[in-house]
$ cat run.tsv   # TSV, C-alpha atoms
chain	number	residue	atom	x	y	z
A	1	VAL	CA	131.37	28.11	94.67
A	2	THR	CA	133.06	27.52	98.03
A	3	GLY	CA	133.67	23.84	98.64
A	4	GLY	CA	133.42	23.67	94.87
A	5	THR	CA	135.48	20.48	94.61
A	6	GLY	CA	133.40	18.63	97.20
A	7	PHE	CA	130.53	16.31	96.37
A	8	VAL	CA	127.66	18.83	96.39
A	9	GLY	CA	129.90	21.66	95.18
A	10	THR	CA	130.99	19.70	92.12
A	11	TYR	CA	127.43	19.17	90.98
A	12	VAL	CA	126.60	22.83	91.63
A	13	CYS	CA	129.56	23.79	89.44
A	14	ARG	CA	128.42	21.42	86.71
A	15	ARG	CA	124.89	22.81	86.75
A	16	LEU	CA	126.04	26.44	86.63
A	17	ALA	CA	128.55	25.77	83.85
A	18	ALA	CA	125.88	23.94	81.84
A	19	LYS	CA	123.81	27.12	82.01
A	20	GLY	CA	126.64	29.10	80.44
A	21	ARG	CA	128.13	30.55	83.62
A	22	THR	CA	131.85	30.97	84.21
A	23	VAL	CA	132.42	29.16	87.49
A	24	ILE	CA	135.14	29.57	90.09
A	25	ALA	CA	135.47	26.50	92.33
A	26	ALA	CA	137.19	27.53	95.55
A	27	GLY	CA	138.49	24.77	97.79
A	28	ILE	CA	141.38	23.35	99.74
A	29	GLU	CA	142.08	20.56	97.26
A	30	PRO	CA	141.66	20.49	93.46
A	31	PHE	CA	139.16	18.26	91.68
A	32	THR	CA	139.80	14.54	91.89
A	33	ALA	CA	139.61	12.35	88.79
A	34	GLU	CA	136.08	11.40	89.86
A	35	GLY	CA	135.19	15.07	90.29
A	36	LEU	CA	136.41	15.93	86.81
A	37	PHE	CA	134.43	12.99	85.43
A	38	ALA	CA	131.32	14.24	87.25
A	39	LEU	CA	131.81	17.71	85.72
A	40	GLY	CA	131.79	16.16	82.26
A	41	PRO	CA	131.75	18.61	79.35
A	42	SER	CA	131.28	21.45	81.84
A	43	ALA	CA	134.84	21.03	83.15
A	44	SER	CA	136.24	23.54	80.66
A	45	ALA	CA	134.03	26.30	82.12
A	46	VAL	CA	135.06	25.60	85.74
A	47	ARG	CA	138.29	26.98	87.17
A	48	PHE	CA	139.75	25.80	90.48
A	49	VAL	CA	141.30	28.31	92.86
A	50	SER	CA	142.81	27.42	96.21
A	51	GLY	CA	141.02	28.99	99.16
A	52	ASP	CA	140.09	28.09	102.74
A	53	VAL	CA	136.88	29.60	104.12
A	54	ARG	CA	138.64	30.00	107.47
A	55	GLU	CA	140.86	32.66	105.87
A	56	LEU	CA	138.99	35.90	105.17
A	57	SER	CA	141.91	37.44	103.28
A	58	ALA	CA	141.95	34.51	100.84
A	59	LEU	CA	138.23	34.86	100.15
A	60	GLU	CA	138.52	38.61	99.66
A	61	ALA	CA	141.40	38.07	97.23
A	62	ILE	CA	139.34	35.61	95.21
A	63	CYS	CA	136.34	37.96	95.11
A	64	SER	CA	138.48	40.96	94.22
A	65	THR	CA	140.21	39.10	91.41
A	66	HIS	CA	137.27	37.28	89.84
A	67	LYS	CA	134.43	39.67	90.78
A	68	PRO	CA	131.66	37.04	91.04
A	69	GLY	CA	128.03	38.05	90.66
A	70	ALA	CA	127.06	35.60	93.39
A	71	ILE	CA	128.55	33.08	95.81
A	72	VAL	CA	127.26	29.57	96.42
A	73	HIS	CA	128.63	28.64	99.84
A	74	ALA	CA	128.88	24.84	99.86
A	75	ALA	CA	131.99	24.43	102.01
A	76	GLY	CA	131.51	22.75	105.37
A	77	LEU	CA	132.24	19.84	107.67
A	78	LEU	CA	129.61	17.11	107.75
A	79	GLY	CA	128.28	14.70	110.28
A	80	HIS	CA	126.79	14.15	113.71
A	81	ASP	CA	129.54	11.85	114.98
A	82	SER	CA	132.46	13.78	113.50
A	83	SER	CA	131.17	17.00	115.07
A	84	LEU	CA	131.17	15.34	118.49
A	85	LYS	CA	134.80	14.32	117.98
A	86	ASN	CA	135.87	17.81	116.94
A	87	PRO	CA	133.45	20.57	117.95
A	88	VAL	CA	136.00	23.37	117.58
A	89	GLN	CA	136.79	22.50	113.98
A	90	THR	CA	133.10	22.10	113.17
A	91	TYR	CA	132.24	25.60	114.39
A	92	ALA	CA	135.39	27.13	112.90
A	93	VAL	CA	134.49	25.90	109.42
A	94	ASN	CA	130.69	25.89	109.45
A	95	VAL	CA	130.09	29.10	111.40
A	96	GLY	CA	133.36	31.01	111.16
A	97	GLY	CA	133.71	30.09	107.50
A	98	THR	CA	130.20	31.36	106.78
A	99	VAL	CA	130.98	34.65	108.53
A	100	ASN	CA	134.07	35.00	106.32
A	101	VAL	CA	132.15	34.25	103.13
A	102	LEU	CA	129.49	36.83	103.94
A	103	GLU	CA	132.06	39.39	105.05
A	104	ALA	CA	134.00	38.90	101.81
A	105	ALA	CA	130.73	39.41	99.92
A	106	ARG	CA	130.10	42.61	101.90
A	107	THR	CA	133.56	44.12	101.45
A	108	CYS	CA	133.87	43.12	97.79
A	109	GLY	CA	130.37	44.08	96.71
A	110	VAL	CA	129.05	40.61	95.89
A	111	PRO	CA	125.26	41.05	96.13
A	112	LYS	CA	124.06	37.45	96.50
A	113	VAL	CA	125.04	34.47	98.66
A	114	LEU	CA	123.32	31.08	98.52
A	115	TYR	CA	124.16	29.05	101.61
A	116	ILE	CA	123.94	25.26	101.38
A	117	SER	CA	122.51	24.37	104.79
A	118	SER	CA	120.99	21.12	106.03
A	119	ASN	CA	117.83	19.71	107.53
A	120	ALA	CA	120.07	19.07	110.54
A	121	ALA	CA	119.39	22.72	111.42
A	122	TYR	CA	115.91	21.69	112.59
A	123	HIS	CA	115.73	20.99	116.29
A	124	ARG	CA	113.15	18.26	115.99
A	125	LYS	CA	110.70	16.80	113.51
A	126	GLU	CA	107.09	17.39	114.50
A	127	ARG	CA	105.28	16.09	111.41
A	128	ASP	CA	105.73	15.01	107.80
A	129	ALA	CA	107.25	16.62	105.94
A	130	PHE	CA	109.93	18.97	107.16
A	131	ASP	CA	109.17	22.59	106.34
A	132	GLU	CA	110.32	26.02	107.48
A	133	THR	CA	107.79	26.13	110.33
A	134	HIS	CA	109.63	23.42	112.25
A	135	PRO	CA	111.64	24.73	115.23
A	136	THR	CA	115.39	25.24	114.92
A	137	THR	CA	116.04	26.09	118.57
A	138	SER	CA	115.09	25.03	122.08
A	139	LEU	CA	115.38	26.83	125.41
A	140	SER	CA	116.26	23.65	127.27
A	141	ALA	CA	118.09	21.20	124.99
A	142	GLY	CA	120.81	21.15	122.35
A	143	ASN	CA	120.24	20.31	118.72
A	144	PRO	CA	119.82	16.51	118.44
A	145	ASN	CA	122.08	16.61	115.40
A	146	ALA	CA	124.93	17.60	117.74
A	147	HIS	CA	127.40	20.35	116.90
A	148	TYR	CA	126.81	19.80	113.18
A	149	GLY	CA	123.15	20.73	113.45
A	150	ALA	CA	123.86	23.61	115.82
A	151	SER	CA	126.52	24.97	113.48
A	152	LYS	CA	124.22	24.89	110.46
A	153	MET	CA	121.47	26.68	112.39
A	154	ALA	CA	123.92	29.29	113.67
A	155	ALA	CA	125.31	29.89	110.18
A	156	GLU	CA	121.80	30.51	108.89
A	157	GLN	CA	121.34	33.17	111.55
A	158	VAL	CA	124.59	34.80	110.48
A	159	ALA	CA	123.32	34.89	106.89
A	160	LEU	CA	120.05	36.48	108.01
A	161	ALA	CA	121.96	39.13	109.98
A	162	TYR	CA	124.00	40.04	106.89
A	163	TYR	CA	120.76	40.27	104.94
A	164	THR	CA	119.04	42.45	107.54
A	165	PHE	CA	121.90	44.80	108.35
A	166	HIS	CA	124.12	44.78	105.24
A	167	GLY	CA	121.68	44.11	102.41
A	168	ILE	CA	123.31	40.88	101.22
A	169	ASP	CA	120.69	38.85	99.35
A	170	ALA	CA	121.34	35.71	101.40
A	171	VAL	CA	119.29	32.53	101.02
A	172	ALA	CA	119.76	29.26	102.90
A	173	VAL	CA	118.76	25.96	101.28
A	174	ARG	CA	118.29	23.06	103.69
A	175	ILE	CA	119.14	19.93	101.76
A	176	THR	CA	118.48	16.44	103.13
A	177	SER	CA	120.15	13.16	102.17
A	178	VAL	CA	122.09	13.35	98.93
A	179	TYR	CA	123.47	10.52	96.84
A	180	GLY	CA	125.39	10.20	93.60
A	181	PHE	CA	128.61	9.41	91.80
A	182	GLY	CA	131.71	10.69	93.55
A	183	MET	CA	130.40	10.52	97.12
A	184	LYS	CA	133.10	9.49	99.56
A	185	PRO	CA	132.70	6.23	101.54
A	186	GLY	CA	131.12	6.86	104.92
A	187	GLN	CA	129.94	10.35	103.98
A	188	MET	CA	126.23	9.53	104.23
A	189	GLN	CA	124.33	6.48	105.46
A	190	LEU	CA	122.38	6.49	102.20
A	191	LYS	CA	125.50	5.51	100.25
A	192	GLN	CA	126.01	2.41	102.39
A	193	ILE	CA	122.31	1.52	102.20
A	194	VAL	CA	121.99	1.83	98.41
A	195	GLU	CA	125.32	0.28	97.46
A	196	GLY	CA	125.05	-2.40	100.12
A	197	ALA	CA	121.69	-3.46	98.68
A	198	ILE	CA	123.14	-3.58	95.16
A	199	ASP	CA	126.17	-5.59	96.30
A	200	GLY	CA	124.13	-7.89	98.55
A	201	ALA	CA	126.23	-6.80	101.51
A	202	HIS	CA	125.22	-6.66	105.17
A	203	VAL	CA	124.80	-3.01	106.19
A	204	LYS	CA	124.65	-2.00	109.84
A	205	ILE	CA	122.98	1.30	110.71
A	206	PRO	CA	124.20	2.36	114.19
A	207	SER	CA	121.08	4.44	114.86
A	208	GLY	CA	118.75	1.53	114.14
A	209	GLY	CA	116.52	0.26	111.37
A	210	GLY	CA	113.81	2.85	111.77
A	211	VAL	CA	115.77	5.59	110.06
A	212	ALA	CA	113.82	7.48	107.38
A	213	HIS	CA	115.62	9.36	104.61
A	214	ASP	CA	114.25	12.06	102.33
A	215	THR	CA	116.22	12.51	99.09

$ encode --input "run.tsv" --output "structure tokens"
Amino acid sequence: VTGGTGFVGTYVCRRLAAKGRTVIAAGIEPFTAEGLFALGPSASAVRFVSGDVRELSALEAICSTHKPGAIVHAAGLLGHDSSLKNPVQTYAVNVGGTVNVLEAARTCGVPKVLYISSNAAYHRKERDAFDETHPTTSLSAGNPNAHYGASKMAAEQVALAYYTFHGIDAVAVRITSVYGFGMKPGQMQLKQIVEGAIDGAHVKIPSGGGVAHDT
């Protein structure tokens, strides 16, 4: 699991371990105390290994050593605003990192890759609810979710190319708003909304009060 010590990655690791899988959590930083708590009894079946998705050689070394049957690619940089502040880093991790994961799978013979994408890949919402028939591109305008949305859409196309031309069984899952124990402050608006309501705090949503969240 790339990004295995992140918020989503931790819960993926916990779920896989609970099903009796031996799980390798690849990431830049080891599990925090909160992450280990979130893993619960599954922690003993999850092993952390240091690895940056921007480094193909590191990913190939991990795959060669541990010989995974599949990769869950959950590593990535999040956020509309943060992607505007640092477009280069966003594409390097979200697109370049995905290329490296799929290339490591190809060279090391890993047959399956599950890519954790986002509903930010959609170019616009045309109706309720979001489904795969919604457009992900436009001939005249950029993704409204900024470089984050564009990077997730581009990474999906990379995964499809590896499926079409190299036979990697690649699947992209577009998740929406997520919430739970261990989420970092400021990571998602939903955290501020839910916890602000519980604490009776005033919560300001920069994009306005008409924001709808699917969870």

$ closest_atom_pairs --input "run.tsv" --of "range 89-115 of chain A" --to "range 133-154 of chain A" --cutoff "12 Å" --atoms "all atoms listed in the file" --output "tab-separated table"
residue	atom	partner	partner_atom	distance
A:Gln89	CA	A:His147	CA	10.1
A:Thr90	CA	A:Tyr148	CA	6.7
A:Tyr91	CA	A:Ser151	CA	5.8
A:Ala92	CA	A:Ser151	CA	9.1
A:Val93	CA	A:Ser151	CA	9.0
A:Asn94	CA	A:Ser151	CA	5.9
A:Val95	CA	A:Ser151	CA	5.8
A:Gly96	CA	A:Ser151	CA	9.4
A:Gly97	CA	A:Ser151	CA	10.7
A:Thr98	CA	A:Lys152	CA	9.5
A:Val99	CA	A:Ala154	CA	10.2
A:Tyr115	CA	A:Lys152	CA	9.8

$ atom_distance --input "run.tsv" --atom1 "CA of Ala121 in chain A" --atom2 "CA of Ala159 in chain A"
13.6 Å

$ atom_distance --input "run.tsv" --atom1 "CA of Phe7 in chain A" --atom2 "CA of Ala75 in chain A"
10.0 Å

$ atom_distance --input "run.tsv" --atom1 "CA of Glu156 in chain A" --atom2 "CA of Val72 in chain A"
13.6 Å

$ residues_around --input "run.tsv" --residues "range 48-61 of chain A" --least-positions-apart "3" --cutoff "6 Å" --atoms "only C-alpha atoms" --output "list in words"
Ile24, Ala25, Ala26, Gly27, Ile28, Ser64, Gly97, Asn100 and Ala104 of chain A

$ residues_around --input "run.tsv" --residues "Phe130 in chain A" --least-positions-apart "4" --cutoff "10 Å" --atoms "only C-alpha atoms" --output "list in words"
Asn119, Tyr122, Arg124, Lys125, Glu126, His134, Arg174, Thr176 and Asp214 of chain A

$ closest_residue --input "run.tsv" --among "A:Val88, A:Ala43, A:Ser83, A:Glu29" --to "Leu16 in chain A" --atoms "only C-alpha atoms"
A:Ala43

$ axis_aligned_box --input "run.tsv" --around "range 143-158 of chain A" --padding-each-side "8 Å" --output "AutoDock Vina command-line options"
--center_x 123.6 --center_y 25.7 --center_z 113.8 --size_x 23.6 --size_y 34.3 --size_z 25.8

$ decode --input "run.tsv" --residues "range 106-120 of chain A" --atoms "all heavy atoms" --output "tab-separated table (two decimals), in the first residue's frame"
chain	number	residue	atom	x	y	z
A	106	ARG	N	5.00	-3.27	-13.55
A	106	ARG	CA	5.32	-3.90	-14.85
A	106	ARG	C	6.64	-4.64	-14.80
A	106	ARG	O	6.74	-5.80	-15.22
A	106	ARG	CB	5.38	-2.83	-15.94
A	106	ARG	CG	5.58	-3.39	-17.34
A	106	ARG	CD	5.76	-2.28	-18.38
A	106	ARG	NE	7.05	-1.62	-18.27
A	106	ARG	CZ	8.18	-2.09	-18.82
A	106	ARG	NH1	8.17	-3.22	-19.51
A	106	ARG	NH2	9.32	-1.43	-18.68
A	107	THR	N	7.68	-4.00	-14.28
A	107	THR	CA	9.01	-4.61	-14.30
A	107	THR	C	9.15	-5.74	-13.28
A	107	THR	O	9.98	-6.64	-13.47
A	107	THR	CB	10.11	-3.56	-14.04
A	107	THR	OG1	9.88	-2.93	-12.77
A	107	THR	CG2	10.10	-2.50	-15.14
A	108	CYS	N	8.35	-5.70	-12.23
A	108	CYS	CA	8.47	-6.70	-11.17
A	108	CYS	C	7.38	-7.77	-11.23
A	108	CYS	O	7.32	-8.65	-10.37
A	108	CYS	CB	8.45	-6.03	-9.79
A	108	CYS	SG	9.83	-4.89	-9.52
A	109	GLY	N	6.52	-7.67	-12.22
A	109	GLY	CA	5.51	-8.70	-12.41
A	109	GLY	C	4.36	-8.67	-11.42
A	109	GLY	O	3.76	-9.71	-11.11
A	110	VAL	N	4.02	-7.49	-10.91
A	110	VAL	CA	2.86	-7.35	-10.04
A	110	VAL	C	1.63	-7.18	-10.93
A	110	VAL	O	1.54	-6.21	-11.68
A	110	VAL	CB	2.99	-6.15	-9.08
A	110	VAL	CG1	1.79	-6.08	-8.15
A	110	VAL	CG2	4.29	-6.24	-8.28
A	111	PRO	N	0.67	-8.09	-10.88
A	111	PRO	CA	-0.40	-8.09	-11.88
A	111	PRO	C	-1.51	-7.08	-11.67
A	111	PRO	O	-2.21	-6.72	-12.63
A	111	PRO	CB	-0.97	-9.51	-11.79
A	111	PRO	CG	-0.71	-9.92	-10.36
A	111	PRO	CD	0.60	-9.27	-9.99
A	112	LYS	N	-1.69	-6.58	-10.44
A	112	LYS	CA	-2.85	-5.74	-10.14
A	112	LYS	C	-2.44	-4.45	-9.43
A	112	LYS	O	-1.63	-4.48	-8.50
A	112	LYS	CB	-3.87	-6.48	-9.27
A	112	LYS	CG	-4.44	-7.74	-9.92
A	112	LYS	CD	-5.45	-8.41	-9.00
A	112	LYS	CE	-6.04	-9.65	-9.64
A	112	LYS	NZ	-7.04	-10.29	-8.76
A	113	VAL	N	-3.05	-3.34	-9.85
A	113	VAL	CA	-2.85	-2.05	-9.17
A	113	VAL	C	-4.21	-1.40	-8.99
A	113	VAL	O	-4.95	-1.19	-9.96
A	113	VAL	CB	-1.92	-1.11	-9.97
A	113	VAL	CG1	-1.85	0.26	-9.29
A	113	VAL	CG2	-0.53	-1.71	-10.11
A	114	LEU	N	-4.54	-1.07	-7.74
A	114	LEU	CA	-5.75	-0.31	-7.44
A	114	LEU	C	-5.33	1.12	-7.12
A	114	LEU	O	-4.60	1.35	-6.15
A	114	LEU	CB	-6.49	-0.92	-6.25
A	114	LEU	CG	-7.73	-0.16	-5.77
A	114	LEU	CD1	-8.82	-0.19	-6.84
A	114	LEU	CD2	-8.25	-0.74	-4.47
A	115	TYR	N	-5.78	2.05	-7.93
A	115	TYR	CA	-5.39	3.45	-7.75
A	115	TYR	C	-6.49	4.20	-7.01
A	115	TYR	O	-7.65	4.23	-7.43
A	115	TYR	CB	-5.14	4.10	-9.12
A	115	TYR	CG	-4.91	5.59	-9.06
A	115	TYR	CD1	-3.98	6.14	-8.19
A	115	TYR	CD2	-5.64	6.45	-9.89
A	115	TYR	CE1	-3.78	7.51	-8.13
A	115	TYR	CE2	-5.44	7.82	-9.85
A	115	TYR	CZ	-4.51	8.34	-8.97
A	115	TYR	OH	-4.32	9.71	-8.91
A	116	ILE	N	-6.14	4.83	-5.89
A	116	ILE	CA	-7.09	5.63	-5.14
A	116	ILE	C	-7.14	7.02	-5.77
A	116	ILE	O	-6.27	7.87	-5.55
A	116	ILE	CB	-6.70	5.74	-3.64
A	116	ILE	CG1	-6.56	4.34	-3.03
A	116	ILE	CG2	-7.74	6.57	-2.89
A	116	ILE	CD1	-7.83	3.52	-3.03
A	117	SER	N	-8.16	7.26	-6.58
A	117	SER	CA	-8.34	8.54	-7.25
A	117	SER	C	-9.32	9.39	-6.46
A	117	SER	O	-9.48	9.20	-5.25
A	117	SER	CB	-8.81	8.31	-8.70
A	117	SER	OG	-8.83	9.53	-9.41
A	118	SER	N	-9.96	10.32	-7.12
A	118	SER	CA	-10.83	11.27	-6.43
A	118	SER	C	-11.93	11.76	-7.37
A	118	SER	O	-11.76	11.77	-8.59
A	118	SER	CB	-10.01	12.47	-5.94
A	118	SER	OG	-10.83	13.54	-5.55
A	119	ASN	N	-13.04	12.16	-6.78
A	119	ASN	CA	-14.08	12.77	-7.62
A	119	ASN	C	-13.64	14.11	-8.17
A	119	ASN	O	-14.30	14.67	-9.04
A	119	ASN	CB	-15.40	12.91	-6.84
A	119	ASN	CG	-15.32	13.91	-5.70
A	119	ASN	OD1	-14.25	14.18	-5.17
A	119	ASN	ND2	-16.46	14.44	-5.30
A	120	ALA	N	-12.49	14.60	-7.72
A	120	ALA	CA	-11.92	15.83	-8.29
A	120	ALA	C	-11.49	15.62	-9.74
A	120	ALA	O	-11.27	16.58	-10.47
A	120	ALA	CB	-10.72	16.29	-7.46
